file upload34.txt (compact mmCIF, N, CA and C atoms)
# COMPACT_ATOMS: atom_id res chain seq x y z
N MET A 1 -24.95 30.23 26.21
CA MET A 1 -24.01 30.37 25.12
C MET A 1 -24.77 30.25 23.79
N PRO A 2 -24.60 31.22 22.89
CA PRO A 2 -25.31 31.18 21.60
C PRO A 2 -24.89 29.95 20.78
N ILE A 3 -25.76 29.56 19.87
CA ILE A 3 -25.54 28.38 19.05
C ILE A 3 -24.31 28.52 18.16
N TRP A 4 -24.04 29.72 17.68
CA TRP A 4 -22.90 29.90 16.80
C TRP A 4 -21.59 29.64 17.53
N GLU A 5 -21.53 29.90 18.83
CA GLU A 5 -20.32 29.60 19.60
C GLU A 5 -20.13 28.09 19.74
N TRP A 6 -21.24 27.37 19.94
CA TRP A 6 -21.16 25.91 19.99
C TRP A 6 -20.67 25.36 18.66
N LEU A 7 -21.20 25.88 17.57
CA LEU A 7 -20.79 25.43 16.25
C LEU A 7 -19.32 25.75 15.99
N LEU A 8 -18.88 26.91 16.42
CA LEU A 8 -17.49 27.30 16.24
C LEU A 8 -16.56 26.38 17.03
N GLU A 9 -16.93 26.07 18.26
CA GLU A 9 -16.12 25.15 19.07
C GLU A 9 -16.10 23.76 18.46
N PHE A 10 -17.25 23.30 17.99
CA PHE A 10 -17.32 21.99 17.35
C PHE A 10 -16.43 21.94 16.11
N ALA A 11 -16.47 22.97 15.28
CA ALA A 11 -15.64 23.04 14.08
C ALA A 11 -14.16 23.05 14.44
N ALA A 12 -13.80 23.75 15.50
CA ALA A 12 -12.40 23.78 15.94
C ALA A 12 -11.94 22.40 16.40
N ILE A 13 -12.80 21.70 17.10
CA ILE A 13 -12.46 20.35 17.57
C ILE A 13 -12.29 19.40 16.39
N VAL A 14 -13.19 19.46 15.42
CA VAL A 14 -13.09 18.61 14.23
C VAL A 14 -11.81 18.94 13.46
N LEU A 15 -11.51 20.20 13.30
CA LEU A 15 -10.28 20.61 12.61
C LEU A 15 -9.04 20.10 13.34
N LEU A 16 -9.04 20.18 14.65
CA LEU A 16 -7.92 19.68 15.45
C LEU A 16 -7.76 18.17 15.28
N LEU A 17 -8.87 17.43 15.28
CA LEU A 17 -8.80 15.98 15.09
C LEU A 17 -8.27 15.61 13.71
N VAL A 18 -8.70 16.32 12.68
CA VAL A 18 -8.20 16.07 11.32
C VAL A 18 -6.71 16.37 11.25
N LEU A 19 -6.28 17.44 11.87
CA LEU A 19 -4.86 17.79 11.90
C LEU A 19 -4.04 16.72 12.63
N LEU A 20 -4.56 16.24 13.77
CA LEU A 20 -3.87 15.18 14.51
C LEU A 20 -3.78 13.89 13.71
N LEU A 21 -4.83 13.56 12.97
CA LEU A 21 -4.81 12.38 12.12
C LEU A 21 -3.74 12.51 11.04
N GLY A 22 -3.67 13.68 10.41
CA GLY A 22 -2.65 13.92 9.39
C GLY A 22 -1.24 13.79 9.95
N VAL A 23 -1.00 14.35 11.12
CA VAL A 23 0.32 14.25 11.75
C VAL A 23 0.62 12.79 12.08
N ALA A 24 -0.38 12.05 12.58
CA ALA A 24 -0.18 10.64 12.92
C ALA A 24 0.17 9.82 11.68
N LEU A 25 -0.46 10.10 10.54
CA LEU A 25 -0.15 9.38 9.31
C LEU A 25 1.28 9.67 8.84
N ILE A 26 1.71 10.91 8.98
CA ILE A 26 3.08 11.28 8.59
C ILE A 26 4.08 10.59 9.50
N VAL A 27 3.84 10.60 10.79
CA VAL A 27 4.74 9.94 11.75
C VAL A 27 4.80 8.45 11.47
N ARG A 28 3.67 7.82 11.18
CA ARG A 28 3.65 6.39 10.87
C ARG A 28 4.46 6.08 9.63
N ARG A 29 4.31 6.89 8.59
CA ARG A 29 5.07 6.64 7.35
C ARG A 29 6.57 6.77 7.60
N ARG A 30 6.98 7.77 8.37
CA ARG A 30 8.41 7.92 8.70
C ARG A 30 8.91 6.75 9.52
N TRP A 31 8.08 6.28 10.46
CA TRP A 31 8.47 5.15 11.29
C TRP A 31 8.62 3.89 10.43
N LEU A 32 7.71 3.67 9.48
CA LEU A 32 7.82 2.52 8.60
C LEU A 32 9.06 2.61 7.73
N SER A 33 9.38 3.80 7.25
CA SER A 33 10.56 3.99 6.40
C SER A 33 11.85 3.77 7.18
N ARG A 34 11.82 4.04 8.46
CA ARG A 34 13.02 3.88 9.29
C ARG A 34 13.44 2.42 9.40
N HIS A 35 12.49 1.52 9.32
CA HIS A 35 12.77 0.09 9.45
C HIS A 35 12.97 -0.57 8.10
N GLY A 36 13.37 0.16 7.12
CA GLY A 36 13.57 -0.35 5.77
C GLY A 36 12.88 0.58 4.80
N GLY A 37 13.47 0.78 3.66
CA GLY A 37 12.91 1.70 2.68
C GLY A 37 11.52 1.28 2.23
N THR A 38 10.64 2.22 2.12
CA THR A 38 9.29 1.95 1.64
C THR A 38 9.13 2.53 0.25
N PHE A 39 8.15 2.02 -0.47
CA PHE A 39 7.84 2.52 -1.80
C PHE A 39 6.34 2.44 -1.99
N GLU A 40 5.82 3.25 -2.91
CA GLU A 40 4.39 3.27 -3.17
C GLU A 40 4.00 1.97 -3.87
N LEU A 41 3.06 1.26 -3.28
CA LEU A 41 2.63 -0.04 -3.80
C LEU A 41 1.13 -0.18 -3.57
N SER A 42 0.39 -0.32 -4.65
CA SER A 42 -1.05 -0.51 -4.55
C SER A 42 -1.36 -2.00 -4.72
N TYR A 43 -2.42 -2.43 -4.06
CA TYR A 43 -2.82 -3.83 -4.06
C TYR A 43 -4.27 -3.93 -4.51
N ARG A 44 -4.54 -4.86 -5.40
CA ARG A 44 -5.92 -5.04 -5.87
C ARG A 44 -6.58 -6.11 -5.00
N ALA A 45 -7.44 -5.66 -4.13
CA ALA A 45 -8.09 -6.56 -3.17
C ALA A 45 -9.25 -7.33 -3.81
N ARG A 46 -9.97 -6.68 -4.73
CA ARG A 46 -11.11 -7.33 -5.38
C ARG A 46 -10.97 -7.17 -6.89
N ALA A 47 -10.96 -8.30 -7.58
CA ALA A 47 -10.81 -8.27 -9.03
C ALA A 47 -12.12 -8.61 -9.73
N THR A 48 -13.24 -8.53 -9.03
CA THR A 48 -14.51 -8.92 -9.63
C THR A 48 -15.00 -7.91 -10.67
N THR A 49 -14.76 -6.63 -10.45
CA THR A 49 -15.17 -5.59 -11.38
C THR A 49 -13.93 -5.05 -12.08
N PRO A 50 -13.91 -5.04 -13.42
CA PRO A 50 -12.72 -4.56 -14.13
C PRO A 50 -12.34 -3.13 -13.71
N GLY A 51 -11.07 -2.94 -13.37
CA GLY A 51 -10.55 -1.63 -13.02
C GLY A 51 -10.82 -1.18 -11.60
N ARG A 52 -11.53 -1.96 -10.82
CA ARG A 52 -11.90 -1.56 -9.46
C ARG A 52 -11.21 -2.45 -8.44
N GLY A 53 -11.30 -2.06 -7.17
CA GLY A 53 -10.78 -2.88 -6.09
C GLY A 53 -9.37 -2.54 -5.66
N TRP A 54 -8.82 -1.42 -6.13
CA TRP A 54 -7.44 -1.05 -5.80
C TRP A 54 -7.39 -0.31 -4.46
N LEU A 55 -6.39 -0.65 -3.65
CA LEU A 55 -6.13 0.02 -2.38
C LEU A 55 -4.73 0.61 -2.42
N LEU A 56 -4.61 1.91 -2.15
CA LEU A 56 -3.31 2.56 -2.13
C LEU A 56 -2.55 2.14 -0.88
N GLY A 57 -1.24 2.03 -1.02
CA GLY A 57 -0.46 1.62 0.13
C GLY A 57 1.03 1.81 -0.06
N LEU A 58 1.75 1.24 0.88
CA LEU A 58 3.21 1.27 0.89
C LEU A 58 3.72 -0.15 0.94
N GLY A 59 4.80 -0.40 0.24
CA GLY A 59 5.45 -1.70 0.29
C GLY A 59 6.78 -1.56 1.00
N ARG A 60 7.22 -2.67 1.62
CA ARG A 60 8.52 -2.68 2.29
C ARG A 60 9.04 -4.11 2.26
N TYR A 61 10.32 -4.23 1.90
CA TYR A 61 10.98 -5.53 1.93
C TYR A 61 11.57 -5.73 3.32
N THR A 62 11.24 -6.85 3.93
CA THR A 62 11.79 -7.20 5.23
C THR A 62 12.31 -8.63 5.10
N GLY A 63 13.63 -8.75 4.87
CA GLY A 63 14.20 -10.07 4.67
C GLY A 63 13.62 -10.74 3.45
N ASP A 64 12.99 -11.88 3.63
CA ASP A 64 12.40 -12.63 2.53
C ASP A 64 10.90 -12.42 2.41
N ARG A 65 10.42 -11.27 2.88
CA ARG A 65 9.00 -10.97 2.82
C ARG A 65 8.76 -9.59 2.21
N LEU A 66 7.68 -9.50 1.45
CA LEU A 66 7.20 -8.21 0.97
C LEU A 66 5.99 -7.87 1.83
N GLU A 67 6.07 -6.76 2.54
CA GLU A 67 4.99 -6.32 3.41
C GLU A 67 4.24 -5.17 2.75
N TRP A 68 2.91 -5.19 2.89
CA TRP A 68 2.09 -4.13 2.33
C TRP A 68 1.27 -3.48 3.44
N PHE A 69 1.35 -2.15 3.49
CA PHE A 69 0.64 -1.35 4.50
C PHE A 69 -0.35 -0.44 3.79
N ARG A 70 -1.56 -0.34 4.30
CA ARG A 70 -2.53 0.62 3.75
C ARG A 70 -2.01 2.03 4.01
N ILE A 71 -2.22 2.91 3.07
CA ILE A 71 -1.69 4.27 3.18
C ILE A 71 -2.46 5.08 4.23
N PHE A 72 -3.76 4.89 4.34
CA PHE A 72 -4.57 5.66 5.28
C PHE A 72 -4.97 4.83 6.49
N SER A 73 -3.98 4.24 7.13
CA SER A 73 -4.20 3.44 8.33
C SER A 73 -3.17 3.86 9.37
N LEU A 74 -3.52 3.72 10.62
CA LEU A 74 -2.57 4.04 11.68
C LEU A 74 -1.89 2.78 12.23
N SER A 75 -2.27 1.62 11.72
CA SER A 75 -1.71 0.36 12.20
C SER A 75 -0.23 0.25 11.83
N PRO A 76 0.62 -0.14 12.78
CA PRO A 76 2.04 -0.33 12.46
C PRO A 76 2.31 -1.70 11.84
N ARG A 77 1.29 -2.54 11.77
CA ARG A 77 1.45 -3.90 11.22
C ARG A 77 1.04 -3.91 9.75
N PRO A 78 1.72 -4.73 8.94
CA PRO A 78 1.32 -4.84 7.53
C PRO A 78 -0.04 -5.51 7.39
N LYS A 79 -0.78 -5.07 6.42
CA LYS A 79 -2.10 -5.65 6.16
C LYS A 79 -1.96 -6.95 5.36
N ARG A 80 -0.97 -7.02 4.49
CA ARG A 80 -0.69 -8.22 3.69
C ARG A 80 0.81 -8.49 3.72
N VAL A 81 1.18 -9.77 3.68
CA VAL A 81 2.58 -10.18 3.64
C VAL A 81 2.71 -11.31 2.62
N TRP A 82 3.70 -11.18 1.72
CA TRP A 82 3.97 -12.23 0.75
C TRP A 82 5.41 -12.70 0.91
N PRO A 83 5.61 -13.97 1.27
CA PRO A 83 6.99 -14.49 1.31
C PRO A 83 7.57 -14.55 -0.10
N ARG A 84 8.85 -14.27 -0.23
CA ARG A 84 9.49 -14.23 -1.54
C ARG A 84 9.34 -15.56 -2.27
N ARG A 85 9.50 -16.67 -1.55
CA ARG A 85 9.46 -17.97 -2.19
C ARG A 85 8.09 -18.34 -2.74
N SER A 86 7.04 -17.61 -2.31
CA SER A 86 5.70 -17.93 -2.79
C SER A 86 5.25 -17.03 -3.94
N LEU A 87 6.04 -16.03 -4.30
CA LEU A 87 5.69 -15.10 -5.39
C LEU A 87 6.39 -15.49 -6.68
N THR A 88 5.64 -15.52 -7.76
CA THR A 88 6.21 -15.73 -9.08
C THR A 88 5.71 -14.61 -9.98
N TYR A 89 6.64 -13.83 -10.53
CA TYR A 89 6.29 -12.71 -11.41
C TYR A 89 5.79 -13.26 -12.73
N VAL A 90 4.60 -12.81 -13.17
CA VAL A 90 4.01 -13.30 -14.42
C VAL A 90 4.15 -12.28 -15.54
N GLY A 91 3.86 -11.01 -15.25
CA GLY A 91 3.95 -10.01 -16.30
C GLY A 91 3.44 -8.66 -15.82
N ARG A 92 3.51 -7.70 -16.75
CA ARG A 92 3.08 -6.34 -16.43
C ARG A 92 2.19 -5.81 -17.53
N ARG A 93 1.44 -4.76 -17.18
CA ARG A 93 0.58 -4.06 -18.14
C ARG A 93 0.39 -2.64 -17.67
N GLU A 94 -0.07 -1.81 -18.55
CA GLU A 94 -0.39 -0.43 -18.20
C GLU A 94 -1.79 -0.38 -17.58
N PRO A 95 -2.04 0.55 -16.66
CA PRO A 95 -3.40 0.69 -16.10
C PRO A 95 -4.40 1.02 -17.20
N GLU A 96 -5.58 0.45 -17.09
CA GLU A 96 -6.61 0.64 -18.11
C GLU A 96 -7.83 1.34 -17.53
N GLY A 97 -8.41 2.25 -18.27
CA GLY A 97 -9.66 2.89 -17.89
C GLY A 97 -9.64 3.55 -16.52
N VAL A 98 -10.53 3.11 -15.65
CA VAL A 98 -10.71 3.69 -14.32
C VAL A 98 -9.44 3.50 -13.47
N GLU A 99 -8.66 2.47 -13.76
CA GLU A 99 -7.44 2.21 -12.99
C GLU A 99 -6.49 3.41 -13.02
N GLN A 100 -6.47 4.12 -14.12
CA GLN A 100 -5.58 5.28 -14.23
C GLN A 100 -5.90 6.33 -13.19
N LEU A 101 -7.16 6.43 -12.79
CA LEU A 101 -7.56 7.40 -11.77
C LEU A 101 -7.38 6.83 -10.37
N SER A 102 -7.41 5.52 -10.23
CA SER A 102 -7.34 4.86 -8.92
C SER A 102 -5.92 4.71 -8.41
N LEU A 103 -4.94 4.70 -9.31
CA LEU A 103 -3.56 4.40 -8.93
C LEU A 103 -2.69 5.65 -8.94
N TYR A 104 -1.52 5.53 -8.34
CA TYR A 104 -0.54 6.62 -8.38
C TYR A 104 -0.14 6.87 -9.84
N PRO A 105 0.14 8.11 -10.21
CA PRO A 105 0.55 8.41 -11.58
C PRO A 105 1.86 7.69 -11.93
N GLY A 106 1.94 7.17 -13.15
CA GLY A 106 3.16 6.54 -13.64
C GLY A 106 3.36 5.10 -13.19
N HIS A 107 2.40 4.53 -12.50
CA HIS A 107 2.55 3.15 -12.03
C HIS A 107 2.12 2.16 -13.10
N VAL A 108 2.71 0.98 -13.06
CA VAL A 108 2.33 -0.13 -13.92
C VAL A 108 1.73 -1.22 -13.05
N VAL A 109 0.89 -2.03 -13.65
CA VAL A 109 0.24 -3.12 -12.94
C VAL A 109 1.01 -4.40 -13.23
N ILE A 110 1.35 -5.13 -12.18
CA ILE A 110 2.02 -6.42 -12.37
C ILE A 110 1.13 -7.52 -11.82
N ARG A 111 1.33 -8.68 -12.38
CA ARG A 111 0.57 -9.86 -11.94
C ARG A 111 1.57 -10.88 -11.42
N CYS A 112 1.29 -11.40 -10.25
CA CYS A 112 2.11 -12.43 -9.64
C CYS A 112 1.24 -13.62 -9.29
N GLU A 113 1.82 -14.79 -9.34
CA GLU A 113 1.13 -16.01 -8.92
C GLU A 113 1.63 -16.39 -7.53
N THR A 114 0.70 -16.82 -6.69
CA THR A 114 1.02 -17.32 -5.36
C THR A 114 0.29 -18.65 -5.20
N PRO A 115 0.64 -19.43 -4.19
CA PRO A 115 -0.08 -20.68 -3.97
C PRO A 115 -1.59 -20.48 -3.75
N SER A 116 -1.99 -19.31 -3.26
CA SER A 116 -3.41 -19.05 -3.02
C SER A 116 -4.09 -18.35 -4.20
N GLY A 117 -3.39 -18.14 -5.29
CA GLY A 117 -3.99 -17.52 -6.47
C GLY A 117 -3.21 -16.33 -6.97
N ALA A 118 -3.78 -15.67 -7.98
CA ALA A 118 -3.13 -14.51 -8.59
C ALA A 118 -3.24 -13.28 -7.70
N VAL A 119 -2.20 -12.43 -7.76
CA VAL A 119 -2.17 -11.17 -7.02
C VAL A 119 -1.79 -10.08 -8.01
N GLU A 120 -2.52 -8.97 -7.99
CA GLU A 120 -2.17 -7.82 -8.82
C GLU A 120 -1.68 -6.70 -7.93
N LEU A 121 -0.53 -6.14 -8.31
CA LEU A 121 0.08 -5.03 -7.59
C LEU A 121 0.35 -3.93 -8.60
N ALA A 122 0.44 -2.69 -8.13
CA ALA A 122 0.80 -1.56 -8.99
C ALA A 122 1.93 -0.80 -8.32
N LEU A 123 2.96 -0.52 -9.10
CA LEU A 123 4.13 0.19 -8.57
C LEU A 123 4.82 0.93 -9.70
N GLY A 124 5.73 1.83 -9.34
CA GLY A 124 6.47 2.61 -10.31
C GLY A 124 7.50 1.75 -11.04
N SER A 125 7.99 2.25 -12.18
CA SER A 125 8.94 1.48 -12.98
C SER A 125 10.22 1.17 -12.23
N SER A 126 10.76 2.14 -11.48
CA SER A 126 11.99 1.88 -10.73
C SER A 126 11.73 0.89 -9.60
N SER A 127 10.56 0.96 -8.98
CA SER A 127 10.21 0.00 -7.94
C SER A 127 10.01 -1.39 -8.53
N LEU A 128 9.54 -1.46 -9.77
CA LEU A 128 9.39 -2.75 -10.44
C LEU A 128 10.74 -3.40 -10.65
N MET A 129 11.73 -2.61 -11.04
CA MET A 129 13.08 -3.16 -11.21
C MET A 129 13.60 -3.69 -9.88
N GLY A 130 13.36 -2.95 -8.80
CA GLY A 130 13.76 -3.40 -7.47
C GLY A 130 13.03 -4.67 -7.07
N PHE A 131 11.75 -4.76 -7.39
CA PHE A 131 10.95 -5.94 -7.07
C PHE A 131 11.50 -7.16 -7.81
N GLN A 132 11.78 -7.01 -9.09
CA GLN A 132 12.31 -8.13 -9.86
C GLN A 132 13.68 -8.56 -9.34
N SER A 133 14.50 -7.60 -8.98
CA SER A 133 15.82 -7.93 -8.41
C SER A 133 15.66 -8.65 -7.08
N TRP A 134 14.73 -8.20 -6.26
CA TRP A 134 14.49 -8.84 -4.96
C TRP A 134 14.04 -10.28 -5.15
N LEU A 135 13.15 -10.51 -6.15
CA LEU A 135 12.70 -11.88 -6.42
C LEU A 135 13.85 -12.77 -6.87
N GLU A 136 14.71 -12.23 -7.75
CA GLU A 136 15.82 -13.02 -8.28
C GLU A 136 16.93 -13.24 -7.25
N ALA A 137 16.96 -12.43 -6.21
CA ALA A 137 18.03 -12.52 -5.21
C ALA A 137 17.72 -13.55 -4.13
N ALA A 138 16.79 -14.45 -4.40
CA ALA A 138 16.47 -15.47 -3.41
C ALA A 138 17.71 -16.31 -3.13
N PRO A 139 17.89 -16.77 -1.91
CA PRO A 139 19.05 -17.58 -1.58
C PRO A 139 19.10 -18.86 -2.43
N PRO A 140 20.30 -19.38 -2.67
CA PRO A 140 20.40 -20.61 -3.47
C PRO A 140 19.61 -21.73 -2.81
N GLY A 141 18.94 -22.50 -3.64
CA GLY A 141 18.17 -23.63 -3.14
C GLY A 141 16.74 -23.27 -2.79
N ALA A 142 16.40 -21.98 -2.76
CA ALA A 142 15.02 -21.59 -2.46
C ALA A 142 14.17 -21.88 -3.68
N GLN A 143 13.08 -22.56 -3.49
CA GLN A 143 12.20 -22.92 -4.59
C GLN A 143 10.93 -22.10 -4.52
N HIS A 144 10.44 -21.74 -5.72
CA HIS A 144 9.12 -21.08 -5.74
C HIS A 144 8.08 -22.16 -5.56
N LEU A 145 7.10 -21.89 -4.74
CA LEU A 145 6.04 -22.86 -4.49
C LEU A 145 5.00 -22.79 -5.57

call {"tool": "encode", "arguments": {"input": "upload34.txt", "output": "structure tokens"}}
result
Amino acid sequence: MPIWEWLLEFAAIVLLLVLLLGVALIVRRRWLSRHGGTFELSYRARATTPGRGWLLGLGRYTGDRLEWFRIFSLSPRPKRVWPRRSLTYVGRREPEGVEQLSLYPGHVVIRCETPSGAVELALGSSSLMGFQSWLEAAPPGAQHL
């Protein structure tokens, strides 16, 4: 078999794998949305370098928890989970410099305090209103830690 046929078969296999990965990501996102509405939510994993360390993802409210899923992962489990009672909204700002290229268009950066330290998230304005409402809707007697 000539080399070009091997290369053509290899290219077809790679293309098929990429297509299957894309379909799997779409199916996963639909499955996550089925168990509660999802919204675009980016998480800043590393704050050591200004404007860097952002990971694109999806957020989902599940009871008293905010779950965060990486956008390019096949895992059905959230990568990060924040209980409502441990989050305190501090403020918001517009993305600066490189952040504008790293985040979804139109998103704002919010800062929250948790018992383990500060957390930066980026989400759309309408999602921010939903986030603030979710925080304020804590059951009576629930205290922020």

call {"tool": "residues_around", "arguments": {"input": "upload34.txt", "residues": "Leu25 in chain A", "least_positions_apart": "2", "cutoff": "9 Å", "atoms": "only C-alpha atoms", "output": "PyMOL selection string"}}
result
chain A and resi 20-23+27-30+71-74

call {"tool": "closest_residue", "arguments": {"input": "upload34.txt", "among": "A:Arg46, A:Arg60, A:Arg34, A:Arg92", "to": "Leu128 in chain A", "atoms": "only C-alpha atoms"}}
result
A:Arg92

call {"tool": "residues_around", "arguments": {"input": "upload34.txt", "residues": "Trp68 in chain A", "least_positions_apart": "6", "cutoff": "7 Å", "atoms": "only N, CA and C atoms", "output": "VMD selection string"}}
result
chain A and resid 57 to 60 77 to 82

call {"tool": "select_by_dssp", "arguments": {"input": "upload34.txt", "residues": "range 21-137 of chain A", "states": "strand (DSSP E)", "output": "PyMOL selection string"}}
result
chain A and resi 38-44+54-55+57-62+65-70+80-83+88-93+108-114+117-123

call {"tool": "atom_distance", "arguments": {"input": "upload34.txt", "atom1": "CA of Ala45 in chain A", "atom2": "CA of Gly117 in chain A"}}
result
12.2 Å

call {"tool": "residues_near_point", "arguments": {"input": "upload34.txt", "point": "(8.9, -15.0, -5.2)", "cutoff": "8 Å", "atoms": "only N, CA and C atoms", "output": "PyMOL selection string"}}
result
chain A and resi 82-89+113+134-136+138+143-145

call {"tool": "closest_residue", "arguments": {"input": "upload34.txt", "among": "A:Gly106, A:Asp64, A:Ser75, A:Val119", "to": "Ala137 in chain A", "atoms": "only C-alpha atoms"}}
result
A:Asp64

call {"tool": "atom_distance", "arguments": {"input": "upload34.txt", "atom1": "CA of Gly53 in chain A", "atom2": "CA of Pro115 in chain A"}}
result
20.9 Å

call {"tool": "axis_aligned_box", "arguments": {"input": "upload34.txt", "around": "range 6-11 of chain A", "padding_each_side": "3 Å", "output": "JSON"}}
result
{"center_x": -17.7, "center_y": 24.7, "center_z": 17.0, "size_x": 13.1, "size_y": 11.4, "size_z": 11.9}

call {"tool": "closest_residue", "arguments": {"input": "upload34.txt", "among": "A:Leu66, A:Ile3, A:Val109, A:Leu101", "to": "Leu123 in chain A", "atoms": "only C-alpha atoms"}}
result
A:Val109

call {"tool": "select_by_dssp", "arguments": {"input": "upload34.txt", "residues": "range 13-128 of chain A", "states": "helix (DSSP H, G or I)", "output": "number ranges by chain"}}
result
A: 13-34, 84-86, 99-102, 125-128

call {"tool": "atom_distance", "arguments": {"input": "upload34.txt", "atom1": "atom N of Glu99 in chain A", "atom2": "CA of Arg52 in chain A"}}
result
6.7 Å

call {"tool": "decode", "arguments": {"input": "upload34.txt", "residues": "range 115-133 of chain A", "atoms": "N, CA, C and O atoms", "output": "short mmCIF file (atom, residue, chain, number, x, y, z; two decimals), in the first residue's frame"}}
result
data_model
loop_
_atom_site.label_atom_id
_atom_site.label_comp_id
_atom_site.auth_asym_id
_atom_site.auth_seq_id
_atom_site.Cartn_x
_atom_site.Cartn_y
_atom_site.Cartn_z
N PRO A 115 -14.16 31.05 52.74
CA PRO A 115 -13.29 30.76 53.87
C PRO A 115 -11.86 30.40 53.45
O PRO A 115 -10.92 30.62 54.19
N SER A 116 -11.69 29.88 52.24
CA SER A 116 -10.35 29.51 51.77
C SER A 116 -9.66 30.62 50.97
O SER A 116 -8.58 30.41 50.45
N GLY A 117 -10.28 31.78 50.86
CA GLY A 117 -9.66 32.90 50.16
C GLY A 117 -10.56 33.49 49.10
O GLY A 117 -11.72 33.10 48.93
N ALA A 118 -10.00 34.44 48.35
CA ALA A 118 -10.75 35.12 47.30
C ALA A 118 -10.90 34.24 46.07
O ALA A 118 -10.03 33.43 45.76
N VAL A 119 -12.05 34.41 45.38
CA VAL A 119 -12.34 33.69 44.14
C VAL A 119 -12.77 34.72 43.12
O VAL A 119 -13.59 35.59 43.41
N GLU A 120 -12.21 34.64 41.91
CA GLU A 120 -12.65 35.51 40.82
C GLU A 120 -13.38 34.68 39.79
O GLU A 120 -12.91 33.62 39.37
N LEU A 121 -14.56 35.17 39.40
CA LEU A 121 -15.39 34.53 38.39
C LEU A 121 -15.73 35.57 37.34
O LEU A 121 -15.73 36.77 37.62
N ALA A 122 -16.04 35.12 36.13
CA ALA A 122 -16.47 36.02 35.06
C ALA A 122 -17.76 35.47 34.48
O ALA A 122 -17.86 34.28 34.17
N LEU A 123 -18.75 36.35 34.35
CA LEU A 123 -20.04 35.94 33.82
C LEU A 123 -20.73 37.14 33.19
O LEU A 123 -20.30 38.27 33.37
N GLY A 124 -21.79 36.87 32.42
CA GLY A 124 -22.54 37.92 31.76
C GLY A 124 -23.35 38.74 32.76
O GLY A 124 -23.61 38.31 33.89
N SER A 125 -23.80 39.92 32.33
CA SER A 125 -24.55 40.81 33.23
C SER A 125 -25.84 40.17 33.73
O SER A 125 -26.18 40.29 34.90
N SER A 126 -26.58 39.49 32.85
CA SER A 126 -27.83 38.86 33.29
C SER A 126 -27.54 37.70 34.24
O SER A 126 -28.26 37.47 35.21
N SER A 127 -26.45 36.97 34.00
CA SER A 127 -26.07 35.90 34.90
C SER A 127 -25.61 36.45 36.25
O SER A 127 -25.82 35.82 37.29
N LEU A 128 -25.02 37.64 36.24
CA LEU A 128 -24.62 38.28 37.49
C LEU A 128 -25.84 38.61 38.33
O LEU A 128 -25.84 38.40 39.55
N MET A 129 -26.88 39.10 37.69
CA MET A 129 -28.12 39.39 38.43
C MET A 129 -28.68 38.11 39.04
O MET A 129 -29.12 38.09 40.19
N GLY A 130 -28.66 37.02 38.28
CA GLY A 130 -29.11 35.74 38.79
C GLY A 130 -28.24 35.25 39.94
O GLY A 130 -28.75 34.72 40.93
N PHE A 131 -26.94 35.45 39.84
CA PHE A 131 -26.01 35.05 40.89
C PHE A 131 -26.30 35.81 42.17
O PHE A 131 -26.37 35.23 43.26
N GLN A 132 -26.48 37.12 42.06
CA GLN A 132 -26.76 37.93 43.24
C GLN A 132 -28.10 37.54 43.87
O GLN A 132 -28.21 37.46 45.10
N SER A 133 -29.08 37.27 43.04
CA SER A 133 -30.39 36.82 43.56
C SER A 133 -30.25 35.48 44.26
O SER A 133 -30.85 35.26 45.32
#
